[in-house]
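Structure data (compact mmCIF, C-alpha atoms and all ligand atoms) from structure14.txt:
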```txt
# COMPACT_ATOMS: atom_id res chain seq x y z
CA MET F 1 0.00 0.00 0.00
CA SER F 2 1.34 3.44 -0.89
CA THR F 3 1.76 6.18 1.68
CA ALA F 4 -1.16 8.06 0.09
CA SER F 5 -3.55 5.09 0.40
CA LEU F 6 -2.54 4.45 4.02
CA LEU F 7 -3.11 8.13 4.90
CA GLN F 8 -6.49 7.99 3.20
CA ARG F 9 -7.45 4.80 5.04
CA LEU F 10 -6.37 6.24 8.41
CA HIS F 11 -7.83 9.72 7.70
CA ILE F 12 -4.55 11.43 8.63
CA ASP F 13 -2.43 13.98 6.73
CA HIS F 14 1.14 12.86 7.40
CA PRO F 15 2.80 9.40 7.53
CA ILE F 16 4.03 10.00 11.08
CA ILE F 17 2.87 7.96 14.06
CA GLN F 18 3.89 9.00 17.58
CA ALA F 19 4.71 5.71 19.27
CA PRO F 20 2.64 4.52 22.20
CA MET F 21 4.90 4.80 25.26
CA VAL F 22 3.52 3.58 28.56
CA GLY F 23 4.74 5.98 31.26
CA VAL F 24 5.74 8.67 28.72
CA SER F 25 2.92 9.15 26.20
CA THR F 26 -0.19 10.98 27.42
CA PRO F 27 -3.58 11.93 25.99
CA GLU F 28 -2.15 15.46 25.61
CA LEU F 29 0.79 14.17 23.54
CA ALA F 30 -1.38 11.90 21.36
CA ALA F 31 -3.93 14.67 20.78
CA ALA F 32 -1.25 17.22 19.87
CA VAL F 33 0.21 14.83 17.28
CA SER F 34 -3.20 13.95 15.85
CA ASN F 35 -4.24 17.61 15.75
CA ALA F 36 -1.07 18.30 13.74
CA GLY F 37 -2.12 15.70 11.15
CA GLY F 38 -0.06 12.73 12.36
CA LEU F 39 -1.37 9.75 14.33
CA GLY F 40 -0.97 10.10 18.10
CA SER F 41 -0.95 7.00 20.30
CA ILE F 42 -1.76 6.18 23.89
CA GLY F 43 -0.39 3.08 25.62
CA LEU F 44 -2.81 0.91 27.59
CA GLY F 45 -0.27 -1.85 28.26
CA ALA F 46 -0.29 -1.07 31.99
CA SER F 47 -3.99 -0.17 32.23
CA THR F 48 -7.20 -1.92 33.20
CA ALA F 49 -10.19 -1.64 30.86
CA THR F 50 -11.66 1.05 33.13
CA LEU F 51 -8.50 3.15 33.10
CA GLY F 52 -8.14 2.53 29.37
CA ARG F 53 -11.64 3.87 28.73
CA ALA F 54 -10.82 6.97 30.80
CA LEU F 55 -7.64 7.56 28.76
CA ILE F 56 -9.56 7.20 25.50
CA ASP F 57 -12.21 9.65 26.76
CA LYS F 58 -9.52 12.11 27.80
CA THR F 59 -7.84 11.91 24.39
CA ARG F 60 -11.20 12.37 22.63
CA ALA F 61 -11.81 15.50 24.71
CA LEU F 62 -8.60 16.96 23.23
CA THR F 63 -8.94 15.90 19.59
CA ASP F 64 -11.63 14.79 17.17
CA ARG F 65 -8.99 13.26 14.91
CA PRO F 66 -8.00 9.56 14.79
CA PHE F 67 -5.53 8.14 17.32
CA ASN F 68 -4.04 4.75 18.17
CA VAL F 69 -4.54 2.67 21.30
CA ASN F 70 -1.79 0.15 22.14
CA LEU F 71 -1.97 -3.21 23.97
CA PHE F 72 0.66 -5.65 25.27
CA CYS F 73 0.09 -9.23 24.02
CA HIS F 74 2.73 -11.17 25.99
CA ALA F 75 2.13 -14.69 27.28
CA PRO F 76 0.73 -14.32 30.82
CA ALA F 77 3.42 -14.97 33.48
CA ARG F 78 3.81 -18.58 34.66
CA PHE F 79 5.21 -17.87 38.15
CA ASP F 80 8.27 -20.15 38.16
CA ASP F 81 9.13 -20.04 41.90
CA ALA F 82 12.75 -21.20 41.52
CA ARG F 83 13.44 -18.71 38.74
CA ASN F 84 11.82 -15.86 40.69
CA ALA F 85 13.77 -16.75 43.86
CA ALA F 86 17.05 -16.81 41.92
CA TRP F 87 16.26 -13.42 40.44
CA LEU F 88 15.41 -11.90 43.83
CA ALA F 89 18.61 -13.38 45.29
CA HIS F 90 20.54 -11.74 42.44
CA LEU F 91 18.97 -8.35 43.22
CA ALA F 92 19.23 -8.70 47.03
CA PRO F 93 22.71 -7.09 47.35
CA LEU F 94 21.48 -4.05 45.39
CA PHE F 95 18.50 -3.67 47.74
CA LYS F 96 20.73 -4.23 50.79
CA ALA F 97 23.24 -1.60 49.64
CA LEU F 98 20.35 0.85 49.77
CA GLY F 99 19.33 -0.32 53.26
CA GLY F 100 16.31 -2.28 52.02
CA GLU F 101 15.16 -5.81 51.25
CA PRO F 102 13.91 -7.26 47.98
CA PRO F 103 10.16 -7.98 47.86
CA ALA F 104 9.20 -11.38 49.32
CA SER F 105 7.37 -12.32 46.11
CA LEU F 106 6.74 -10.93 42.66
CA ARG F 107 3.43 -9.72 41.26
CA GLU F 108 2.11 -9.70 37.70
CA ILE F 109 1.78 -5.91 37.57
CA TYR F 110 0.32 -5.78 34.04
CA THR F 111 -2.39 -8.11 32.72
CA SER F 112 -1.74 -9.24 29.16
CA PHE F 113 -4.40 -8.20 26.63
CA LEU F 114 -4.54 -11.94 25.76
CA ALA F 115 -6.09 -12.55 29.21
CA ASP F 116 -8.26 -9.43 29.30
CA SER F 117 -11.60 -9.87 27.57
CA ASP F 118 -12.91 -6.77 29.43
CA MET F 119 -10.34 -4.72 27.51
CA LEU F 120 -11.50 -6.28 24.21
CA GLN F 121 -15.12 -5.46 25.04
CA MET F 122 -14.23 -1.89 26.01
CA LEU F 123 -12.37 -1.37 22.70
CA ILE F 124 -15.27 -2.76 20.69
CA GLU F 125 -17.59 -0.33 22.48
CA GLU F 126 -15.28 2.70 22.25
CA ARG F 127 -14.10 2.06 18.67
CA PRO F 128 -10.82 4.01 18.61
CA ALA F 129 -9.70 4.50 14.99
CA VAL F 130 -6.58 2.33 15.42
CA VAL F 131 -5.50 -0.43 17.83
CA SER F 132 -1.92 -1.74 17.89
CA PHE F 133 -0.39 -4.88 19.40
CA HIS F 134 3.07 -5.29 20.97
CA PHE F 135 4.82 -8.55 22.10
CA GLY F 136 2.53 -10.76 20.01
CA VAL F 137 -0.94 -10.84 18.56
CA PRO F 138 -4.37 -11.79 19.91
CA PRO F 139 -6.36 -14.64 18.30
CA ALA F 140 -7.54 -13.95 14.73
CA ALA F 141 -11.13 -13.92 16.03
CA TRP F 142 -10.32 -10.95 18.33
CA VAL F 143 -8.58 -9.12 15.47
CA GLY F 144 -11.71 -9.74 13.37
CA GLN F 145 -13.99 -8.44 16.12
CA LEU F 146 -11.97 -5.21 16.38
CA GLN F 147 -12.04 -4.81 12.59
CA ALA F 148 -15.79 -5.47 12.51
CA ALA F 149 -16.10 -2.50 14.90
CA GLY F 150 -14.35 -0.37 12.26
CA ILE F 151 -10.92 -0.41 13.95
CA PHE F 152 -7.69 -0.49 11.90
CA THR F 153 -5.21 -2.91 13.50
CA LEU F 154 -1.41 -2.73 13.65
CA GLY F 155 0.95 -5.46 14.86
CA CYS F 156 4.62 -5.05 15.71
CA ALA F 157 7.19 -7.41 14.15
CA THR F 158 10.94 -7.66 14.75
CA THR F 159 11.44 -10.45 12.17
CA LEU F 160 9.90 -11.60 8.90
CA GLY F 161 8.52 -14.64 10.76
CA GLU F 162 6.63 -12.45 13.23
CA ALA F 163 5.33 -10.32 10.36
CA GLN F 164 4.03 -13.50 8.69
CA ILE F 165 2.24 -14.53 11.91
CA LEU F 166 0.66 -11.06 12.13
CA ALA F 167 -0.49 -11.33 8.51
CA GLU F 168 -1.97 -14.79 9.21
CA HIS F 169 -3.92 -13.30 12.12
CA GLY F 170 -5.38 -10.70 9.77
CA VAL F 171 -3.83 -7.45 11.05
CA ASP F 172 -4.14 -4.50 8.65
CA ALA F 173 -0.54 -3.25 8.80
CA ILE F 174 2.84 -4.19 10.27
CA VAL F 175 5.00 -2.01 12.51
CA ALA F 176 8.56 -3.14 11.65
CA GLN F 177 10.62 -2.49 14.80
CA GLY F 178 14.38 -2.43 14.25
CA VAL F 179 16.88 -3.14 17.01
CA GLU F 180 17.64 0.61 17.10
CA ALA F 181 14.26 1.25 18.75
CA GLY F 182 13.80 2.58 22.26
CA GLY F 183 11.64 0.72 24.75
CA HIS F 184 10.70 -2.94 24.81
CA ARG F 185 11.61 -5.11 21.88
CA GLY F 186 8.37 -6.40 20.36
CA VAL F 187 9.75 -9.96 20.15
CA PHE F 188 7.03 -12.60 20.42
CA ASP F 189 9.33 -15.19 22.05
CA ASP F 190 11.35 -13.50 24.78
CA ALA F 191 13.42 -16.58 25.72
CA PRO F 192 17.16 -15.78 25.84
CA GLY F 193 18.85 -16.23 22.47
CA GLN F 194 15.62 -15.88 20.47
CA ASP F 195 16.00 -12.21 19.55
CA ALA F 196 17.48 -11.88 16.05
CA GLN F 197 18.16 -8.16 16.74
CA LEU F 198 17.64 -7.15 13.10
CA GLY F 199 18.43 -3.57 12.14
CA LEU F 200 15.60 -1.60 10.57
CA PHE F 201 17.31 -1.43 7.16
CA ALA F 202 17.31 -5.21 6.64
CA LEU F 203 14.00 -5.78 8.43
CA LEU F 204 12.14 -3.34 6.17
CA ARG F 205 13.50 -4.94 3.01
CA LEU F 206 12.76 -8.47 4.28
CA ILE F 207 9.15 -7.64 5.13
CA ALA F 208 8.55 -5.45 2.07
CA SER F 209 9.76 -8.18 -0.26
CA HIS F 210 7.55 -10.91 1.24
CA ILE F 211 4.38 -9.31 2.58
CA GLU F 212 1.76 -7.18 0.83
CA LEU F 213 0.56 -5.32 3.94
CA PRO F 214 1.54 -1.68 4.58
CA ILE F 215 4.66 -1.34 6.73
CA ILE F 216 5.31 1.27 9.39
CA ALA F 217 9.02 1.68 10.15
CA ALA F 218 10.15 2.11 13.77
CA GLY F 219 13.57 2.41 15.36
CA GLY F 220 16.11 5.22 15.45
CA ILE F 221 14.12 7.59 13.20
CA MET F 222 14.58 11.09 14.60
CA ASP F 223 14.25 13.54 11.71
CA GLY F 224 13.04 14.07 8.16
CA ALA F 225 16.09 12.43 6.60
CA GLY F 226 15.32 9.25 8.56
CA ILE F 227 11.67 9.37 7.55
CA ALA F 228 12.57 9.82 3.87
CA ALA F 229 15.01 6.89 4.06
CA ALA F 230 12.41 4.59 5.66
CA LEU F 231 9.81 5.47 3.01
CA GLN F 232 12.43 4.86 0.33
CA LEU F 233 13.10 1.39 1.78
CA GLY F 234 9.45 0.36 1.45
CA ALA F 235 7.68 1.74 4.51
CA SER F 236 4.33 3.50 4.01
CA ALA F 237 4.71 5.45 7.28
CA VAL F 238 7.00 5.75 10.30
CA GLN F 239 6.57 5.42 14.06
CA LEU F 240 8.76 7.58 16.31
CA GLY F 241 9.03 7.23 20.07
CA THR F 242 12.27 8.72 21.37
CA ALA F 243 11.83 11.81 19.18
CA PHE F 244 8.74 12.74 21.25
CA ILE F 245 10.08 12.11 24.78
CA LEU F 246 11.29 15.70 25.26
CA SER F 247 7.99 17.22 24.11
CA PRO F 248 6.36 19.19 26.93
CA GLU F 249 3.17 17.11 26.45
CA SER F 250 4.96 13.86 27.42
CA SER F 251 5.03 12.66 31.02
CA ALA F 252 8.76 11.86 30.93
CA THR F 253 10.34 12.63 34.30
CA ALA F 254 12.71 15.58 34.73
CA ALA F 255 15.52 13.05 35.27
CA HIS F 256 14.70 11.21 32.00
CA ARG F 257 14.69 14.54 30.12
CA ALA F 258 17.98 15.62 31.72
CA ALA F 259 19.59 12.26 30.90
CA LEU F 260 18.46 12.51 27.27
CA ASN F 261 20.06 15.94 27.10
CA SER F 262 23.34 14.62 28.54
CA ALA F 263 26.22 12.49 27.29
CA ARG F 264 24.29 9.45 28.60
CA ALA F 265 22.06 9.70 25.51
CA HIS F 266 24.96 8.22 23.53
CA ASP F 267 24.87 5.00 25.56
CA THR F 268 21.66 3.06 24.98
CA ARG F 269 21.68 -0.70 25.54
CA ILE F 270 19.32 -3.62 25.63
CA THR F 271 18.71 -5.58 28.81
CA ARG F 272 16.01 -7.82 30.26
CA SER F 273 17.15 -7.04 33.80
CA VAL F 274 14.85 -4.04 34.28
CA SER F 275 11.52 -5.65 33.37
CA GLY F 276 12.05 -9.29 32.37
CA ARG F 277 11.81 -8.57 28.62
CA PRO F 278 14.55 -7.10 26.45
CA ALA F 279 14.24 -3.32 26.26
CA ARG F 280 16.52 -0.54 25.03
CA GLY F 281 17.15 2.38 27.34
CA LEU F 282 19.77 4.70 28.71
CA ALA F 283 22.27 2.48 30.50
CA ASN F 284 21.48 2.47 34.24
CA ARG F 285 22.95 0.42 37.12
CA LEU F 286 21.04 -2.72 36.08
CA TYR F 287 22.41 -2.50 32.52
CA LEU F 288 25.92 -2.05 33.95
CA GLU F 289 25.49 -4.95 36.42
CA ASP F 290 24.79 -7.13 33.35
CA CYS F 291 28.37 -6.53 32.25
CA ALA F 292 29.99 -6.76 35.67
CA THR F 293 28.46 -9.89 37.19
CA HIS F 294 27.07 -13.27 36.28
CA VAL F 295 23.38 -12.63 35.77
CA PRO F 296 20.89 -15.48 36.18
CA LEU F 297 17.88 -15.69 33.88
CA SER F 298 15.64 -12.82 34.96
CA ALA F 299 12.18 -13.48 36.32
CA GLU F 300 9.55 -13.35 33.58
CA TYR F 301 7.98 -10.14 32.32
CA PRO F 302 6.36 -8.34 34.07
CA LEU F 303 7.36 -10.04 37.35
CA ALA F 304 10.94 -8.76 37.10
CA TYR F 305 9.53 -5.28 36.48
CA ASP F 306 7.85 -5.45 39.90
CA ALA F 307 11.29 -5.89 41.49
CA GLY F 308 12.90 -3.32 39.15
CA LYS F 309 10.30 -0.71 40.11
CA ALA F 310 10.74 -1.50 43.85
CA LEU F 311 14.51 -1.04 43.50
CA HIS F 312 14.03 2.27 41.68
CA ALA F 313 11.51 3.46 44.31
CA LEU F 314 13.96 2.62 47.13
CA ALA F 315 16.85 4.37 45.37
CA SER F 316 14.82 7.42 44.41
CA ARG F 317 13.75 7.94 48.04
CA GLN F 318 17.48 8.44 48.64
CA GLY F 319 17.79 10.88 45.77
CA SER F 320 19.32 8.33 43.37
CA ASN F 321 18.12 7.81 39.82
CA ASP F 322 20.49 4.87 39.27
CA PHE F 323 17.73 2.30 38.69
CA ALA F 324 15.21 4.36 36.70
CA ALA F 325 13.85 2.78 33.53
CA GLU F 326 14.62 5.49 30.97
CA TRP F 327 13.77 3.89 27.64
CA ALA F 328 15.34 5.50 24.59
CA GLY F 329 16.47 4.45 21.13
CA GLN F 330 19.83 4.70 19.43
CA GLY F 331 18.94 8.11 17.99
CA ALA F 332 18.50 9.57 21.49
CA PRO F 333 21.11 12.35 21.15
CA LEU F 334 19.04 13.71 18.24
CA ALA F 335 15.87 14.25 20.31
CA ARG F 336 14.50 17.79 20.22
CA ALA F 337 12.55 19.53 22.97
CA LEU F 338 9.74 20.86 20.78
CA PRO F 339 6.00 20.94 21.43
CA ALA F 340 4.61 17.83 19.71
CA GLY F 341 2.62 19.72 17.04
CA GLU F 342 5.67 21.78 16.15
CA LEU F 343 7.80 18.64 16.00
CA VAL F 344 5.35 17.01 13.56
CA ALA F 345 5.38 20.15 11.35
CA THR F 346 9.20 20.23 11.46
CA LEU F 347 9.46 16.51 10.58
CA VAL F 348 7.06 17.00 7.66
CA SER F 349 8.97 19.91 6.17
CA GLU F 350 12.29 18.07 6.69
CA TYR F 351 11.17 14.84 5.00
CA GLN F 352 9.48 16.66 2.14
CA ARG F 353 12.71 18.55 1.52
CA ALA F 354 14.66 15.27 1.75
CA ILE F 355 12.51 13.42 -0.81
CA THR F 356 12.65 16.24 -3.35
CA ARG F 357 16.42 16.59 -3.06
C1 LIG H 1 9.83 5.51 26.39
C2 LIG H 1 9.33 4.46 25.44
C3 LIG H 1 8.24 3.69 25.82
C4 LIG H 1 7.70 2.75 24.90
N1 LIG H 1 6.57 2.07 25.25
C5 LIG H 1 5.93 1.33 24.30
C6 LIG H 1 4.62 0.83 24.54
O1 LIG H 1 4.01 1.05 25.58
N2 LIG H 1 4.05 0.09 23.54
C7 LIG H 1 4.67 -0.14 22.35
O2 LIG H 1 4.10 -0.79 21.47
N3 LIG H 1 5.91 0.34 22.10
C8 LIG H 1 6.54 1.08 23.04
N4 LIG H 1 7.77 1.62 22.76
C9 LIG H 1 8.43 1.28 21.48
C10 LIG H 1 7.88 2.14 20.34
O3 LIG H 1 6.64 1.64 19.91
C11 LIG H 1 8.79 2.16 19.10
O4 LIG H 1 9.06 0.86 18.66
C12 LIG H 1 10.11 2.88 19.34
O5 LIG H 1 9.92 4.05 20.09
C13 LIG H 1 10.74 3.25 18.01
O6 LIG H 1 12.08 3.59 18.19
P1 LIG H 1 12.60 5.06 18.58
O7 LIG H 1 12.30 5.19 20.04
O8 LIG H 1 14.03 5.01 18.26
O9 LIG H 1 11.78 6.03 17.76
C14 LIG H 1 8.32 2.55 23.64
C15 LIG H 1 9.44 3.32 23.31
C16 LIG H 1 9.94 4.28 24.18
C17 LIG H 1 11.11 5.10 23.75
```

Can you give me the file's structure in the form of C-alpha cells?
Amino acid sequence: MSTASLLQRLHIDHPIIQAPMVGVSTPELAAAVSNAGGLGSIGLGASTATLGRALIDKTRALTDRPFNVNLFCHAPARFDDARNAAWLAHLAPLFKALGGEPPASLREIYTSFLADSDMLQMLIEERPAVVSFHFGVPPAAWVGQLQAAGIFTLGCATTLGEAQILAEHGVDAIVAQGVEAGGHRGVFDDAPGQDAQLGLFALLRLIASHIELPIIAAGGIMDGAGIAAALQLGASAVQLGTAFILSPESSATAAHRAALNSARAHDTRITRSVSGRPARGLANRLYLEDCATHVPLSAEYPLAYDAGKALHALASRQGSNDFAAEWAGQGAPLARALPAGELVATLVSEYQRAITR
C-alpha cells in the first residue's frame, strides 16, 4: 500500500505515528500529534479496561482526529518459583546496599491483553480509529472483532517470521521495529537467544519483499532524513518514540529529560534485567550490572519489572536515579525539545525537503 492510500485509510495527513509509550505518552501528547495531522498513540499496556476507557475519553476530549490505542500481548506470566527466587537473590545485594530488602514475592503488575476480555469489550464499544499490538498478537477472532467494529489494527514485528504470523492473524498493517528502537523489543518469544536483533534497514526490506501489507518503520528515526530513508526502503509510514520524549506534552520525568540531554544519551543498551523482557534504554545500574556480574535468567515479564520498580523506588527515596527505567532508542542524542505539534510540522517539512532533493 502506498503512503497516500494508508493516509487515506487512516484519515490522517502525514505518515508520522507518535509511538505509544507507557509511562511517557499521554492523551495530551497523542492529541497534539493527531491535531497536527499525524497519528498520536496512547499506551494501555499497563492499564485496566476502566482506566483505558478513561484515557480514550480524555484523548477524545482533546482531539476529534484519529488516534491509536496500544496493547501488550505477551504470554501471561507462569510464576516459576525457583526462577523468581534466583532473580530476587541476584537483586538482594542491590536492595541491601540501599538499606532495604527485595520484595518477598513478585506480582504480575500488568495483565496481558490476551487474558483481558474486558479490555476487548471496552475497545469494541469505544471504537478508537486504530488499535496496535506489541509482544505478540491476539487470536484472529479478536482481530476480526476489532475490525468489525471499524478499527484499523497494527501489529509489531521484529522479524519476517513475526510479520508473517501477524499477517496470518489478519492485522491491517505491520510495525517493523528495528533493534535501534527505544523501549521494549516487540519480540514474540522473549526466551534468551531468540531475539534476532535485526536492524531496521534489513528488516524493512525483508518484510517489504515478502508481505503485501503496509509497513510502518520504527527504530532510530529522529528527523526528516530518517523518515525519507524509511519510506524509500518500502515503509508507508514511520513510528517515532524517542523523538517525542522531550515534548512538553509527554510525562517523561525531569531526570529522564535531563539524561536525554546529557552524554548518557549516547549509551543506549538492551537488557532484560529491568523488566524481564529485552528493552533498550539509557544504561542504568542494572544494565551495567549485566556486564559486571554473572546474571541469572531474569524473572519473567512483568514479574521482574515489579522488582525493578521496587529497586528504583527505594533508590529514588534516597535521591538516586540509578535504577530508573529510561527507555530511549539509538537516535536519542538527536531528540528535540519541541512541542509535539511543532515537532510534527518540522518533521514534515524536513522529509518533504529530503525526498525532493
Ligand atoms: C519511552 C518508550 C516507551 C515505549 N513504550 C511502548 C509501549 O508502551 N508500547 C509499544 O508498542 N511500544 C513502546 N515503545 C516502542 C515504540 O513503539 C517504538 O518501537 C520505538 O519508540 C521506536 O524507536 P525510537 O524510540 O528510536 O523512535 C516505547 C518506546 C519508548 C522510547

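Between Pro27 in chain F and the candidates F:Thr63, F:Ser262, F:Thr3, F:Thr48, the tightest atom-to-atom separation, counting all atoms listed in the file, involves F:Thr63.
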
Env. residues ligand LIG 1 (chain H) / 7 Å / all atoms listed in the file / as a ChimeraX atom specification: /F:19-24,43,45,70-72,133-134,177,180-184,218-222,239-243,245,326-331

Computed interatomic separation between CA of Leu114 in chain F and CA of Cys73 in chain F (Å): 5.6 Å

Spatial neighbours of Ala235 in chain F, max dist 6 Å, all atoms listed in the file, sep filter under 5 positions, as a list in words: Ile215, Ile216, Ala217 and Ala230 of chain F

Test item: residues at most 9 Å from Cys156 in chain F, only C-alpha atoms, excluding those fewer than 5 positions along its chain, as number ranges by chain: F: 132-137, 162-163, 166, 173-177, 186-187, 216

Given only C-alpha atoms as the counted atoms, nearest of F:Arg336, F:Arg60, F:Arg65, F:His90 to Pro248 in chain F: F:Arg336
